[in-house]
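Have a look at target_30.csv below; it lists CSV, C-alpha atoms.
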```
chain,number,residue,atom,x,y,z
A,774,MET,CA,-118.0,6.6,225.1
A,775,THR,CA,-119.8,9.9,225.8
A,776,GLY,CA,-117.1,11.7,227.9
A,777,LEU,CA,-113.4,12.2,228.5
A,778,THR,CA,-112.3,9.4,230.7
A,779,HIS,CA,-109.2,11.1,232.0
A,780,LEU,CA,-111.2,13.9,233.7
A,781,ASP,CA,-113.0,13.4,237.0
A,782,ASP,CA,-116.4,14.8,238.0
A,783,ASP,CA,-114.7,18.2,238.8
A,784,GLY,CA,-112.8,18.3,235.5
A,785,ARG,CA,-109.4,17.4,237.0
A,786,ALA,CA,-107.0,15.1,235.3
A,787,ARG,CA,-106.9,11.6,236.6
A,788,MET,CA,-105.5,8.1,235.8
A,789,VAL,CA,-108.4,5.8,235.0
A,790,ASP,CA,-108.8,3.0,237.4
A,791,VAL,CA,-108.6,-0.3,235.4
A,792,GLY,CA,-108.5,-2.6,238.4
A,793,ASP,CA,-111.9,-4.1,237.7
A,794,LYS,CA,-111.4,-4.6,233.9
A,795,ALA,CA,-110.9,-8.1,232.5
A,796,THR,CA,-107.4,-9.3,231.7
A,797,THR,CA,-107.4,-10.0,227.9
A,798,LYS,CA,-105.0,-10.1,225.0
A,799,ARG,CA,-104.7,-6.6,223.5
A,800,VAL,CA,-103.2,-5.6,220.2
A,801,ALA,CA,-103.0,-2.1,218.6
A,802,THR,CA,-101.6,-1.0,215.3
A,803,ALA,CA,-100.8,2.6,214.4
A,804,THR,CA,-99.2,4.4,211.5
A,805,ALA,CA,-97.3,7.6,210.7
A,806,THR,CA,-96.1,9.1,207.4
A,807,PHE,CA,-92.7,10.7,207.1
A,808,THR,CA,-92.5,12.9,203.9
A,809,THR,CA,-89.3,14.1,202.4
A,810,ARG,CA,-87.7,14.6,198.9
A,811,PRO,CA,-87.3,11.7,196.5
A,812,ASP,CA,-83.5,12.0,196.6
A,813,VAL,CA,-83.5,11.7,200.4
A,814,ILE,CA,-85.6,8.5,200.1
A,815,ALA,CA,-83.0,7.1,197.8
A,816,LEU,CA,-80.3,8.0,200.3
A,817,VAL,CA,-82.2,6.2,203.1
A,818,GLN,CA,-82.7,3.1,201.0
A,819,ALA,CA,-79.0,3.0,200.1
A,820,ASP,CA,-77.8,3.9,203.6
A,821,GLY,CA,-76.1,6.9,201.9
A,822,LEU,CA,-76.6,9.4,204.7
A,823,PRO,CA,-73.8,10.4,207.2
A,824,LYS,CA,-75.9,8.7,209.9
A,825,ALA,CA,-76.1,5.2,208.5
A,826,ASP,CA,-78.5,2.4,209.4
A,827,VAL,CA,-81.4,4.8,209.2
A,828,ILE,CA,-84.2,2.3,209.3
A,829,ALA,CA,-82.6,0.1,211.9
A,830,THR,CA,-82.1,3.1,214.2
A,831,ALA,CA,-85.7,4.2,213.7
A,832,ARG,CA,-87.0,0.7,214.4
A,833,ILE,CA,-85.0,0.5,217.7
A,834,ALA,CA,-86.1,4.0,218.7
A,835,GLY,CA,-89.8,3.1,218.1
A,836,ILE,CA,-89.5,0.0,220.2
A,837,ALA,CA,-87.8,2.0,223.0
A,838,GLY,CA,-90.4,4.7,222.8
A,839,ALA,CA,-93.3,2.2,223.1
A,840,LYS,CA,-91.6,0.7,226.3
A,841,ARG,CA,-91.4,4.2,227.8
A,842,THR,CA,-94.9,5.5,226.9
A,843,SER,CA,-96.1,5.8,230.5
A,844,GLU,CA,-93.1,8.0,231.2
A,845,LEU,CA,-93.8,10.3,228.2
A,846,ILE,CA,-97.6,10.5,228.5
A,847,PRO,CA,-98.4,11.1,232.2
A,848,LEU,CA,-101.9,9.4,232.5
A,849,CYS,CA,-100.9,6.2,230.7
A,850,HIS,CA,-100.5,3.0,232.7
A,851,GLN,CA,-97.3,1.0,232.9
A,852,LEU,CA,-97.7,-2.0,230.7
A,853,ALA,CA,-95.8,-5.3,230.3
A,854,LEU,CA,-95.5,-5.3,226.5
A,855,SER,CA,-95.2,-8.8,225.0
A,856,SER,CA,-94.2,-7.5,221.6
A,857,VAL,CA,-93.5,-4.3,219.6
A,858,SER,CA,-92.8,-4.4,215.9
A,859,LEU,CA,-92.3,-1.8,213.3
A,860,ASP,CA,-92.4,-1.9,209.5
A,861,PHE,CA,-91.3,0.7,206.9
A,862,ALA,CA,-92.8,1.0,203.5
A,863,PHE,CA,-91.4,3.4,200.9
A,864,THR,CA,-93.1,5.6,198.3
A,865,GLU,CA,-91.4,8.0,196.0
A,866,ASP,CA,-91.4,10.8,198.6
A,867,SER,CA,-92.4,9.2,201.9
A,868,ILE,CA,-91.8,6.4,204.4
A,869,VAL,CA,-94.9,4.9,205.9
A,870,ILE,CA,-94.3,3.6,209.4
A,871,THR,CA,-96.6,0.9,210.8
A,872,ALA,CA,-96.2,0.0,214.5
A,873,THR,CA,-97.9,-2.9,216.3
A,874,ALA,CA,-97.9,-3.3,220.1
A,875,LYS,CA,-99.2,-6.3,222.1
A,876,THR,CA,-99.8,-7.1,225.7
A,877,THR,CA,-102.1,-9.2,228.0
A,878,GLY,CA,-103.6,-6.9,230.6
A,879,GLN,CA,-106.4,-4.7,231.8
A,880,THR,CA,-106.0,-1.8,229.4
A,881,GLY,CA,-105.2,-1.3,225.8
A,882,VAL,CA,-101.9,-0.6,223.9
A,883,GLU,CA,-103.1,2.1,221.5
A,884,MET,CA,-100.8,4.8,223.0
A,885,GLU,CA,-97.9,2.4,222.9
A,886,ALA,CA,-98.4,1.8,219.2
A,887,LEU,CA,-98.9,5.5,218.5
A,888,THR,CA,-95.8,6.4,220.5
A,889,ALA,CA,-93.7,3.8,218.6
A,890,ALA,CA,-94.8,5.2,215.2
A,891,SER,CA,-94.2,8.7,216.4
A,892,ILE,CA,-90.8,8.2,217.9
A,893,ALA,CA,-89.7,6.2,214.8
A,894,GLY,CA,-90.8,9.1,212.6
A,895,LEU,CA,-89.0,11.7,214.7
A,896,THR,CA,-85.9,9.5,214.6
A,897,LEU,CA,-86.1,9.5,210.8
A,898,HIS,CA,-86.3,13.3,210.9
A,899,ASP,CA,-83.2,13.4,213.1
A,900,MET,CA,-81.4,11.1,210.6
A,901,VAL,CA,-82.2,13.2,207.5
A,902,LYS,CA,-82.4,16.7,208.8
A,903,ALA,CA,-78.9,17.5,207.6
A,904,VAL,CA,-80.0,17.1,204.0
A,905,ASP,CA,-83.7,17.9,204.3
A,906,PRO,CA,-84.7,20.0,207.4
A,907,ALA,CA,-88.1,20.6,205.8
A,908,SER,CA,-89.2,17.0,206.0
A,909,VAL,CA,-92.6,16.4,207.6
A,910,LEU,CA,-93.9,13.8,210.0
A,911,GLY,CA,-97.7,13.5,209.9
A,912,ASP,CA,-100.9,11.4,209.6
A,913,ILE,CA,-100.2,9.8,212.9
A,914,ARG,CA,-103.3,7.7,213.7
A,915,LEU,CA,-104.6,4.4,215.0
A,916,LEU,CA,-105.4,1.8,212.4
A,917,GLU,CA,-107.0,-0.9,214.5
A,918,LYS,CA,-107.1,-2.4,218.0
A,919,SER,CA,-108.5,-5.5,219.6
A,920,GLY,CA,-109.1,-6.9,223.1
A,921,GLY,CA,-111.1,-5.7,226.1
A,922,LYS,CA,-114.9,-5.6,226.3
A,923,ARG,CA,-115.3,-3.6,223.0
A,924,GLY,CA,-113.5,-6.3,221.0
A,925,ASN,CA,-112.1,-5.3,217.6
A,926,TRP,CA,-112.1,-1.6,216.5
A,927,THR,CA,-111.3,0.0,213.1
A,928,PRO,CA,-111.8,3.6,212.0
A,929,GLU,CA,-114.6,2.4,209.7
A,930,ALA,CA,-116.5,1.0,212.7
A,931,SER,CA,-116.1,4.1,214.8
A,932,GLU,CA,-119.2,6.2,215.6
A,933,PRO,CA,-119.2,10.0,216.1
A,934,ILE,CA,-118.9,11.0,219.7
A,935,GLU,CA,-122.1,12.5,220.9
A,936,ALA,CA,-122.6,14.7,223.9
A,937,PRO,CA,-124.5,13.1,226.8
A,938,VAL,CA,-128.2,13.5,226.5
A,939,ALA,CA,-129.7,15.2,229.5
A,940,ARG,CA,-132.6,13.1,230.9
A,941,THR,CA,-135.4,14.5,232.9
A,942,VAL,CA,-135.9,12.0,235.7
A,943,ARG,CA,-139.5,11.0,236.5
A,944,PRO,CA,-139.9,11.6,240.3
A,945,ARG,CA,-140.8,8.6,242.5
A,946,THR,CA,-140.6,6.1,239.7
A,947,ALA,CA,-138.5,2.9,239.7
A,948,ALA,CA,-137.4,0.0,237.5
A,949,VAL,CA,-136.2,-3.4,238.6
A,950,ILE,CA,-134.0,-5.8,236.6
A,951,VAL,CA,-133.3,-9.4,237.6
A,952,ALA,CA,-130.2,-10.9,236.0
A,953,SER,CA,-130.9,-14.6,236.1
A,954,THR,CA,-130.4,-16.9,233.1
A,955,ALA,CA,-132.4,-19.6,234.7
A,956,GLY,CA,-135.2,-17.2,235.6
A,957,ALA,CA,-135.3,-15.8,232.1
A,958,ALA,CA,-135.6,-19.4,230.8
A,959,GLY,CA,-138.4,-20.1,233.2
A,960,THR,CA,-136.6,-22.9,234.9
A,961,ARG,CA,-136.3,-21.1,238.3
A,962,GLU,CA,-138.9,-19.0,240.1
A,963,ASP,CA,-137.7,-15.4,240.7
A,964,LEU,CA,-138.3,-14.3,244.3
A,965,THR,CA,-136.0,-11.3,244.4
A,966,GLY,CA,-137.7,-9.1,241.8
A,967,PRO,CA,-141.2,-9.2,243.5
A,968,ARG,CA,-139.5,-8.5,246.8
A,969,ILE,CA,-137.8,-5.4,245.5
A,970,SER,CA,-140.9,-4.2,243.7
A,971,ALA,CA,-143.0,-4.6,246.9
A,972,TRP,CA,-140.4,-2.6,248.9
A,973,LEU,CA,-140.4,0.2,246.4
A,974,SER,CA,-144.2,0.4,246.3
A,975,GLU,CA,-144.2,0.5,250.1
A,976,HIS,CA,-141.9,3.5,249.8
A,977,ASP,CA,-144.2,5.3,247.4
A,978,PHE,CA,-142.4,4.5,244.2
A,979,ALA,CA,-144.3,3.6,241.0
A,980,VAL,CA,-142.5,0.6,239.6
A,981,ASP,CA,-142.4,0.6,235.8
A,982,ALA,CA,-141.6,-3.1,235.5
A,983,VAL,CA,-139.7,-6.0,236.9
A,984,THR,CA,-137.6,-7.3,234.0
A,985,VAL,CA,-136.1,-10.7,234.2
A,986,VAL,CA,-133.2,-11.2,231.7
A,987,SER,CA,-130.3,-13.6,231.1
A,988,ASP,CA,-126.9,-12.6,232.3
A,989,ALA,CA,-125.9,-12.1,228.7
A,990,ASP,CA,-128.6,-9.5,228.1
A,991,VAL,CA,-128.4,-7.5,231.3
A,992,HIS,CA,-126.4,-4.7,229.5
A,993,LEU,CA,-129.3,-4.2,227.1
A,994,ALA,CA,-131.9,-4.2,229.9
A,995,ILE,CA,-129.9,-1.6,231.9
A,996,ALA,CA,-129.6,0.7,228.9
A,997,ALA,CA,-133.3,0.4,228.1
A,998,ALA,CA,-134.3,1.1,231.7
A,999,LEU,CA,-132.1,4.2,231.9
A,1000,ASP,CA,-133.6,5.5,228.7
A,1001,ALA,CA,-137.0,5.6,230.4
A,1002,ALA,CA,-135.4,7.9,233.1
A,1003,PRO,CA,-136.7,6.4,236.4
A,1004,ALA,CA,-135.6,8.0,239.6
A,1005,VAL,CA,-134.3,4.6,240.8
A,1006,LEU,CA,-133.0,1.5,239.1
A,1007,ILE,CA,-132.3,-1.6,241.2
A,1008,THR,CA,-130.7,-4.7,239.8
A,1009,THR,CA,-130.4,-8.1,241.4
A,1010,GLY,CA,-128.1,-10.9,240.4
A,1011,GLY,CA,-125.0,-11.2,238.3
A,1012,THR,CA,-122.7,-9.6,240.9
A,1013,GLY,CA,-120.6,-12.7,241.7
A,1014,LEU,CA,-117.5,-14.2,240.2
A,1015,SER,CA,-118.9,-16.9,237.9
A,1016,PRO,CA,-118.0,-16.4,234.2
A,1017,SER,CA,-121.6,-15.3,233.4
A,1018,ASP,CA,-121.9,-12.7,236.1
A,1019,ARG,CA,-121.6,-9.4,234.2
A,1020,THR,CA,-124.0,-6.9,236.0
A,1021,PRO,CA,-121.2,-4.6,237.4
A,1022,GLU,CA,-119.5,-4.5,234.0
A,1023,ALA,CA,-122.9,-3.6,232.4
A,1024,THR,CA,-123.6,-0.9,235.0
A,1025,GLN,CA,-120.2,0.9,235.3
A,1026,PRO,CA,-120.2,2.6,231.8
A,1027,HIS,CA,-123.5,4.3,232.6
A,1028,LEU,CA,-122.4,5.8,235.9
A,1029,ASP,CA,-121.6,9.5,236.1
A,1030,ARG,CA,-120.7,9.2,239.7
A,1031,GLU,CA,-120.1,6.1,241.8
A,1032,LEU,CA,-121.4,5.7,245.4
A,1033,PRO,CA,-119.0,3.2,246.8
A,1034,GLY,CA,-120.2,3.7,250.4
A,1035,ILE,CA,-123.6,2.2,249.5
A,1036,SER,CA,-122.0,-0.9,248.0
A,1037,GLU,CA,-119.6,-1.3,250.9
A,1038,ALA,CA,-122.4,-0.9,253.5
A,1039,ILE,CA,-124.4,-3.7,251.7
A,1040,ARG,CA,-121.3,-6.0,251.7
A,1041,THR,CA,-120.5,-5.2,255.3
A,1042,LEU,CA,-124.1,-6.0,256.5
A,1043,GLY,CA,-124.1,-9.2,254.5
A,1044,SER,CA,-120.8,-10.3,255.8
A,1045,THR,CA,-122.1,-10.3,259.4
A,1046,LYS,CA,-124.4,-13.2,258.3
A,1047,THR,CA,-122.3,-15.0,255.6
A,1048,PRO,CA,-118.6,-14.5,254.7
A,1049,THR,CA,-119.3,-14.9,251.0
A,1050,ALA,CA,-121.1,-11.6,250.9
A,1051,ALA,CA,-117.7,-10.0,250.7
A,1052,LEU,CA,-117.3,-11.4,247.2
A,1053,SER,CA,-120.2,-9.4,245.8
A,1054,ARG,CA,-118.9,-6.9,243.1
A,1055,GLY,CA,-122.1,-4.9,243.1
A,1056,LEU,CA,-121.9,-1.2,242.3
A,1057,ALA,CA,-124.0,1.8,243.2
A,1058,GLY,CA,-124.0,5.3,241.6
A,1059,VAL,CA,-125.9,8.0,239.7
A,1060,SER,CA,-126.6,7.9,236.0
A,1061,GLY,CA,-128.1,11.1,234.6
A,1062,GLY,CA,-130.0,11.7,237.8
A,1063,THR,CA,-131.1,8.1,238.2
A,1064,VAL,CA,-129.9,6.2,241.3
A,1065,VAL,CA,-128.6,2.8,240.2
A,1066,VAL,CA,-127.9,0.1,242.8
A,1067,ASN,CA,-126.7,-3.5,242.1
A,1068,LEU,CA,-127.9,-6.0,244.7
A,1069,PRO,CA,-126.8,-9.6,245.0
A,1070,GLY,CA,-129.1,-12.3,243.5
A,1071,SER,CA,-129.9,-14.1,246.8
A,1072,THR,CA,-133.0,-13.2,248.8
A,1073,GLY,CA,-130.8,-12.6,251.9
A,1074,GLY,CA,-128.6,-10.2,249.8
A,1075,VAL,CA,-131.6,-8.3,248.6
A,1076,LYS,CA,-133.0,-8.0,252.1
A,1077,ASP,CA,-129.6,-6.6,253.3
A,1078,GLY,CA,-129.4,-4.2,250.4
A,1079,LEU,CA,-132.9,-2.9,250.9
A,1080,ALA,CA,-132.2,-2.4,254.6
A,1081,ILE,CA,-129.3,-0.2,253.7
A,1082,LEU,CA,-131.3,1.8,251.2
A,1083,ASP,CA,-134.2,2.2,253.7
A,1084,GLY,CA,-132.2,4.9,255.5
A,1085,LEU,CA,-130.5,6.5,252.5
A,1086,LEU,CA,-132.6,6.5,249.4
A,1087,ASP,CA,-134.9,9.5,250.0
A,1088,HIS,CA,-132.0,11.6,251.3
A,1089,LEU,CA,-129.9,10.7,248.3
A,1090,LEU,CA,-132.7,11.6,245.9
A,1091,ALA,CA,-133.2,14.9,247.6
A,1092,GLN,CA,-129.6,15.7,247.2
A,1093,ILE,CA,-129.5,14.8,243.5
A,1094,ALA,CA,-132.5,17.1,243.0
A,1095,GLY,CA,-130.6,20.0,244.7
A,1096,GLY,CA,-132.2,19.8,248.1
A,1097,GLY,CA,-131.6,17.7,251.3
A,1098,ALA,CA,-129.3,18.4,254.2
A,1099,HIS,CA,-125.6,18.1,253.5
A,1100,GLU,CA,-124.3,17.5,257.1
```
Show the structure stored in the file as structure tokens.
Amino acid sequence: MTGLTHLDDDGRARMVDVGDKATTKRVATATATFTTRPDVIALVQADGLPKADVIATARIAGIAGAKRTSELIPLCHQLALSSVSLDFAFTEDSIVITATAKTTGQTGVEMEALTAASIAGLTLHDMVKAVDPASVLGDIRLLEKSGGKRGNWTPEASEPIEAPVARTVRPRTAAVIVASTAGAAGTREDLTGPRISAWLSEHDFAVDAVTVVSDADVHLAIAAALDAAPAVLITTGGTGLSPSDRTPEATQPHLDRELPGISEAIRTLGSTKTPTAALSRGLAGVSGGTVVVNLPGSTGGVKDGLAILDGLLDHLLAQIAGGGAHE
């Protein structure tokens, strides 16, 4: 990730829309360390404090905290948690809390695990403050998570966050990507890529290449094409609902701003000819100054998409460059 997902284009706080994310099993584990005196640790282990059942109370508090994360942290989503568990390990002068949260859904449970560990630690502080008001809760951190398109994550696998690299877009240049496993294997002739390339050439764009890739590799092709900073990137294929269709998922992380009106216009025009056009999940938007548009994989869908772009593309490019009328 190269930006803060909870801020919109104007820097205002927002709840991230996860409606298009895949529903997967998601697990997260977090930890916190509660540090106190050795004699207090002994009292906790012996239930020798005035507030007895210290660990049991902290465990219940942590579970309750996880369940109320969306109420405590305003931009978190409400989740149907399938499990929350807490473990407590003792050292001479500390209690290490480990919390694990699980769900099956469209967003992760990192905040639920972190909240569980934090609330359990704060409950420990409440339980021992009469004998050690100087106790410390710290080292609250995520240990690991799994699920979603990024799969498994651990701190060791984490990369530093880099600021977005500004690209200087090359005017009147374009790239075309065809997402077709059969086309990439040479078992089906691609008709859509040449049609898009010809249309771009007729509109005075120099086309870098028409790249035909399998659905599994479309994310690599999009990243490579954007690195070359064309003014326009048009993809075709992979916008449907089959398990291999992944073009919108490969496109979305690169978009600085989405242009839903373009996608809706393409779907609307297609729907006047075939009802199944409404099922297209294609996206449109801007990535570092490059206009990106997903078109369906059919020749008819490409024709409809180009018809919509015919009246919009030059005006859009002018606006991105800082010109163009705004009425």
Between atom CA of Thr1024 of chain A and atom CA of Leu915 of chain A, distance in Å (one decimal):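 Those two atoms sit 28.1 Å apart.
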Identify which of the residues A:Thr842, A:Ser1036, A:Thr1063, A:Thr896 lies closest to Ala947 of chain A, counting all atoms listed in the file when measuring atom-to-atom distances.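 Smallest distance to Ala947 of chain A is found for A:Thr1063.
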With all atoms listed in the file as the counted atoms, please give the residues lying no more than 10 Å from Leu1086 of chain A, apart from itself and same-chain residues fewer than 6 positions off, as an MDAnalysis selection string. chainID A and resid 976 1005 1035 1064 1079 1092
Counting all atoms listed in the file, the option among A:Ala1038, A:Leu1068, A:Ala1051, A:Ala997 closest to Gly1011 of chain A: A:Leu1068
Could you check which of A:Leu816, A:Ile1081, A:Ala890, A:Val882 is closest to Ile836 of chain A, using only C-alpha atoms? A:Ala890
How big is the axis-aligned box, and where does its centre sit, when it encloses all atoms of segment 855-873 of chain A listed in the file and has 5 Å added on every side, reported in Å to one decimal as JSON?
```
{"center_x": -94.6, "center_y": 1.0, "center_z": 210.5, "size_x": 16.6, "size_y": 29.6, "size_z": 39.0}
```
Atom CA of Leu845 of chain A to atom CA of Val827 of chain A, distance in Å rounded to a single decimal: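 Taking atom CA of Leu845 of chain A as the start and atom CA of Val827 of chain A as the end point, the length is 23.3 Å.
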Can you tell me, as a PDB file with C-alpha atoms, keeping the file's coordinate frame, which residues sit within 12 Å of (-134.6, 1.3, 227.7) in the file's frame, using only C-alpha atoms?
```
ATOM      1  CA  ALA A 948    -137.400   0.000 237.500  1.00  0.00           C
ATOM      2  CA  VAL A 949    -136.200  -3.400 238.600  1.00  0.00           C
ATOM      3  CA  ILE A 950    -134.000  -5.800 236.600  1.00  0.00           C
ATOM      4  CA  ASP A 981    -142.400   0.600 235.800  1.00  0.00           C
ATOM      5  CA  ALA A 982    -141.600  -3.100 235.500  1.00  0.00           C
ATOM      6  CA  THR A 984    -137.600  -7.300 234.000  1.00  0.00           C
ATOM      7  CA  VAL A 991    -128.400  -7.500 231.300  1.00  0.00           C
ATOM      8  CA  HIS A 992    -126.400  -4.700 229.500  1.00  0.00           C
ATOM      9  CA  LEU A 993    -129.300  -4.200 227.100  1.00  0.00           C
ATOM     10  CA  ALA A 994    -131.900  -4.200 229.900  1.00  0.00           C
ATOM     11  CA  ILE A 995    -129.900  -1.600 231.900  1.00  0.00           C
ATOM     12  CA  ALA A 996    -129.600   0.700 228.900  1.00  0.00           C
ATOM     13  CA  ALA A 997    -133.300   0.400 228.100  1.00  0.00           C
ATOM     14  CA  ALA A 998    -134.300   1.100 231.700  1.00  0.00           C
ATOM     15  CA  LEU A 999    -132.100   4.200 231.900  1.00  0.00           C
ATOM     16  CA  ASP A1000    -133.600   5.500 228.700  1.00  0.00           C
ATOM     17  CA  ALA A1001    -137.000   5.600 230.400  1.00  0.00           C
ATOM     18  CA  ALA A1002    -135.400   7.900 233.100  1.00  0.00           C
ATOM     19  CA  PRO A1003    -136.700   6.400 236.400  1.00  0.00           C
ATOM     20  CA  LEU A1006    -133.000   1.500 239.100  1.00  0.00           C
TER      21      LEU A1006
END
```
